[in-house]
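See structure below.
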Amino acid sequence: MRIDIPEGKDPVGYVWGEMVPGIGVAASRLSRAVYSQSTLALREFEAARLRIAQINGCIVCMDWRTERDGERVEDGFFEAVESWRTTDIFDDRTRLAAEYAQRYALDHHNLDDEFWARMAEHYDQHEIVELTMSIGSWIVSGRLNHVLGLDTVCALPEL
């Protein structure tokens with residue numbers, strides 16, 4: 001870990017809640033809102049989230065599986081996200097969510113008209129904004145946790 005955590009303190013709670021409470025608490029609220037307020041289908045949500053987890057390299061994010069109403073994505077979904085271009089278990093919206101996450105994180109300057117036309121075919125404007133904000137939140141939190149080494153010592157709280 002790259003941050004000294006006082007004895008007996010939860011690393012994530014300390015960094016996100018105590019070290020910079022004016023920023024960390026607000027960022028934590030955004031993260032919780034992404035999970036609790038999302039209207040995206042679970043498979044689309046998880047395809048984008050897991051693709052960002054893979055890109056960020058955040059251990060805890062890669063191990064996490066979002067649950068909604070007792071449902072989670074099936075075993076093998078994580079591996080399918082790695083091969084989002086060729087997997088046969090994704091519909092167009094799920095594949096596009098993984099593609100958007102990857103391009104947003106690695107190549108956002110090249111989100112061209114052809115890409116946006118495909119997005120508009122499958123997602124309405126509300127969904128595009130929601131997916132964009134969600135991906136941004138995952139990039140921030142996962143990279144912060146990985147860069148500071150928090151992903152090796154923490155477990156995410158139940159949402």
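Letters A, B, ... go to the chains of the structure tokens in the order shown; residues in each chain start at 1; ligands are counted from 1 in the same order.
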Kindly assemble as a tab-separated table a list of the range 72-103 of chain A residues that lie within 12 Å of range 120-125 of chain A, each paired with its nearest atom pair and their distance in Å to one decimal, using only C-alpha atoms, sorted first by chain and then by ascending residue number.
residue	atom	partner	partner_atom	distance
A:Asp91	CA	A:His122	CA	10.5
A:Asp92	CA	A:His122	CA	7.5
A:Arg93	CA	A:His122	CA	6.0
A:Thr94	CA	A:His122	CA	9.8
A:Arg95	CA	A:His122	CA	10.7
A:Leu96	CA	A:His122	CA	8.4
A:Ala97	CA	A:Tyr123	CA	9.6
A:Tyr100	CA	A:Tyr123	CA	11.7
Emit the selected residues as a PDB file, in the first residue's frame, including N, CA, C and O atoms.
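The resulting file, part15.pdb, is shown below:
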ATOM      1  N   ASP A  91     -25.586  -9.513 -26.289  1.00  0.00           N
ATOM      2  CA  ASP A  91     -26.421  -8.871 -27.307  1.00  0.00           C
ATOM      3  C   ASP A  91     -25.749  -7.551 -27.692  1.00  0.00           C
ATOM      4  O   ASP A  91     -24.690  -7.196 -27.167  1.00  0.00           O
ATOM      5  N   ASP A  92     -26.349  -6.822 -28.624  1.00  0.00           N
ATOM      6  CA  ASP A  92     -25.728  -5.602 -29.137  1.00  0.00           C
ATOM      7  C   ASP A  92     -25.518  -4.548 -28.052  1.00  0.00           C
ATOM      8  O   ASP A  92     -24.482  -3.890 -28.014  1.00  0.00           O
ATOM      9  N   ARG A  93     -26.504  -4.389 -27.161  1.00  0.00           N
ATOM     10  CA  ARG A  93     -26.377  -3.374 -26.112  1.00  0.00           C
ATOM     11  C   ARG A  93     -25.249  -3.727 -25.132  1.00  0.00           C
ATOM     12  O   ARG A  93     -24.481  -2.855 -24.722  1.00  0.00           O
ATOM     13  N   THR A  94     -25.137  -4.974 -24.764  1.00  0.00           N
ATOM     14  CA  THR A  94     -24.103  -5.394 -23.826  1.00  0.00           C
ATOM     15  C   THR A  94     -22.722  -5.236 -24.454  1.00  0.00           C
ATOM     16  O   THR A  94     -21.790  -4.716 -23.820  1.00  0.00           O
ATOM     17  N   ARG A  95     -22.569  -5.665 -25.696  1.00  0.00           N
ATOM     18  CA  ARG A  95     -21.301  -5.520 -26.407  1.00  0.00           C
ATOM     19  C   ARG A  95     -20.922  -4.034 -26.525  1.00  0.00           C
ATOM     20  O   ARG A  95     -19.773  -3.644 -26.307  1.00  0.00           O
ATOM     21  N   LEU A  96     -21.898  -3.215 -26.842  1.00  0.00           N
ATOM     22  CA  LEU A  96     -21.649  -1.783 -26.997  1.00  0.00           C
ATOM     23  C   LEU A  96     -21.273  -1.138 -25.661  1.00  0.00           C
ATOM     24  O   LEU A  96     -20.429  -0.235 -25.617  1.00  0.00           O
ATOM     25  N   ALA A  97     -21.855  -1.598 -24.566  1.00  0.00           N
ATOM     26  CA  ALA A  97     -21.487  -1.077 -23.243  1.00  0.00           C
ATOM     27  C   ALA A  97     -20.021  -1.372 -22.934  1.00  0.00           C
ATOM     28  O   ALA A  97     -19.300  -0.508 -22.427  1.00  0.00           O
ATOM     29  N   TYR A 100     -17.891   0.839 -25.256  1.00  0.00           N
ATOM     30  CA  TYR A 100     -17.887   2.227 -24.798  1.00  0.00           C
ATOM     31  C   TYR A 100     -16.965   2.390 -23.592  1.00  0.00           C
ATOM     32  O   TYR A 100     -16.161   3.327 -23.526  1.00  0.00           O
TER      33      TYR A 100
END
May I have a table of the residues of range 41-110 of chain A lying at most 8 Å from range 129-136 of chain A, giving each one's closest pair of atoms and their distance in Å to one decimal, counting only C-alpha atoms, ordered by chain and ascending residue number, as CSV?
residue,atom,partner,partner_atom,distance
A:Phe45,CA,A:Leu131,CA,7.7
A:Ala48,CA,A:Ile135,CA,6.9
A:Arg49,CA,A:Ile135,CA,6.7
A:Ile52,CA,A:Ile135,CA,7.2
A:Ala97,CA,A:Leu131,CA,7.9
A:Ala101,CA,A:Ile135,CA,6.2
A:Tyr104,CA,A:Ile135,CA,7.8
Would you output that residue set with N, CA and C atoms, as a compact mmCIF listing (two decimals), in the first residue's frame?
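Output (out19.txt):
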# COMPACT_ATOMS: atom_id res chain seq x y z
N PHE A 45 -24.72 -2.93 -17.48
CA PHE A 45 -24.05 -2.29 -16.36
C PHE A 45 -22.76 -3.05 -16.03
N ALA A 48 -19.88 -2.94 -18.79
CA ALA A 48 -19.10 -1.70 -18.73
C ALA A 48 -18.25 -1.65 -17.47
N ARG A 49 -18.84 -2.01 -16.34
CA ARG A 49 -18.12 -1.94 -15.06
C ARG A 49 -16.93 -2.89 -15.05
N ILE A 52 -14.02 -1.72 -17.24
CA ILE A 52 -13.22 -0.71 -16.55
C ILE A 52 -12.37 -1.36 -15.47
N ALA A 97 -21.86 -1.60 -24.57
CA ALA A 97 -21.49 -1.08 -23.24
C ALA A 97 -20.02 -1.37 -22.93
N ALA A 101 -17.05 1.48 -22.65
CA ALA A 101 -16.19 1.55 -21.47
C ALA A 101 -14.72 1.54 -21.88
N TYR A 104 -13.91 4.84 -23.84
CA TYR A 104 -13.97 5.97 -22.91
C TYR A 104 -12.68 6.01 -22.07
* **Backbone-only DSSP, helix (DSSP H, G or I) members of range 26-109 of chain A, as a ChimeraX atom specification** => /A:26-37,42-56,59-63,77-82,92-106,108-109
* Would you mind listing what lies within 10 Å of Ile5 in chain A as a list in words, with only C-alpha atoms counted and same-chain residues fewer than 6 positions away left out? => Pro11, Val12, Tyr14, Val15 and Met19 of chain A
* **Pairwise distance for CA of Met1 in chain A and CA of Leu148 in chain A, rounded to one decimal in Å** => 6.0 Å
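Among A:Ala33, A:Ala26, A:Ile3, A:Ala41, the residue with the shortest atom-to-atom distance to His146 in chain A, counting only C-alpha atoms, is A:Ile3.
Residues lying within 6 Å of Ala47 in chain A, counting only C-alpha atoms and ignoring same-chain neighbours fewer than 3 positions away, are Arg43, Glu44, Leu50, Val81 and Ala98 of chain A.
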Could you write out that same residue set with C-alpha atoms as an mmCIF file, in the first residue's frame?
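Result saved to part.cif:
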data_model
loop_
_atom_site.group_PDB
_atom_site.id
_atom_site.type_symbol
_atom_site.label_atom_id
_atom_site.label_comp_id
_atom_site.auth_asym_id
_atom_site.auth_seq_id
_atom_site.Cartn_x
_atom_site.Cartn_y
_atom_site.Cartn_z
ATOM 1 C CA ARG A 43 -25.718 -7.207 -18.059
ATOM 2 C CA GLU A 44 -24.998 -3.838 -19.699
ATOM 3 C CA LEU A 50 -16.060 -5.091 -15.490
ATOM 4 C CA VAL A 81 -16.099 -9.125 -21.114
ATOM 5 C CA ALA A 98 -18.165 -2.938 -23.020
#
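Here CA of Thr152 in chain A stands at a distance of 14.9 Å from CA of Gln54 in chain A.
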* Find the residue from A:Thr87, A:Gly76, A:Ser141, A:Asp112 that sits nearest to Arg32 in chain A; use only C-alpha atoms when measuring. => A:Ser141
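Comparing A:Glu127, A:Asp63, A:Asp107, A:Asp151 by their smallest distance to Glu79 in chain A, the closest is A:Asp63 (using only C-alpha atoms).
What separates CA of Gly22 in chain A from CA of Gln102 in chain A is a distance of 29.7 Å.
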* Structure fact -> Counting only C-alpha atoms, the residue among A:Leu30, A:Ala105, A:Ala80, A:Val20 that lies closest to Glu46 in chain A is A:Ala80
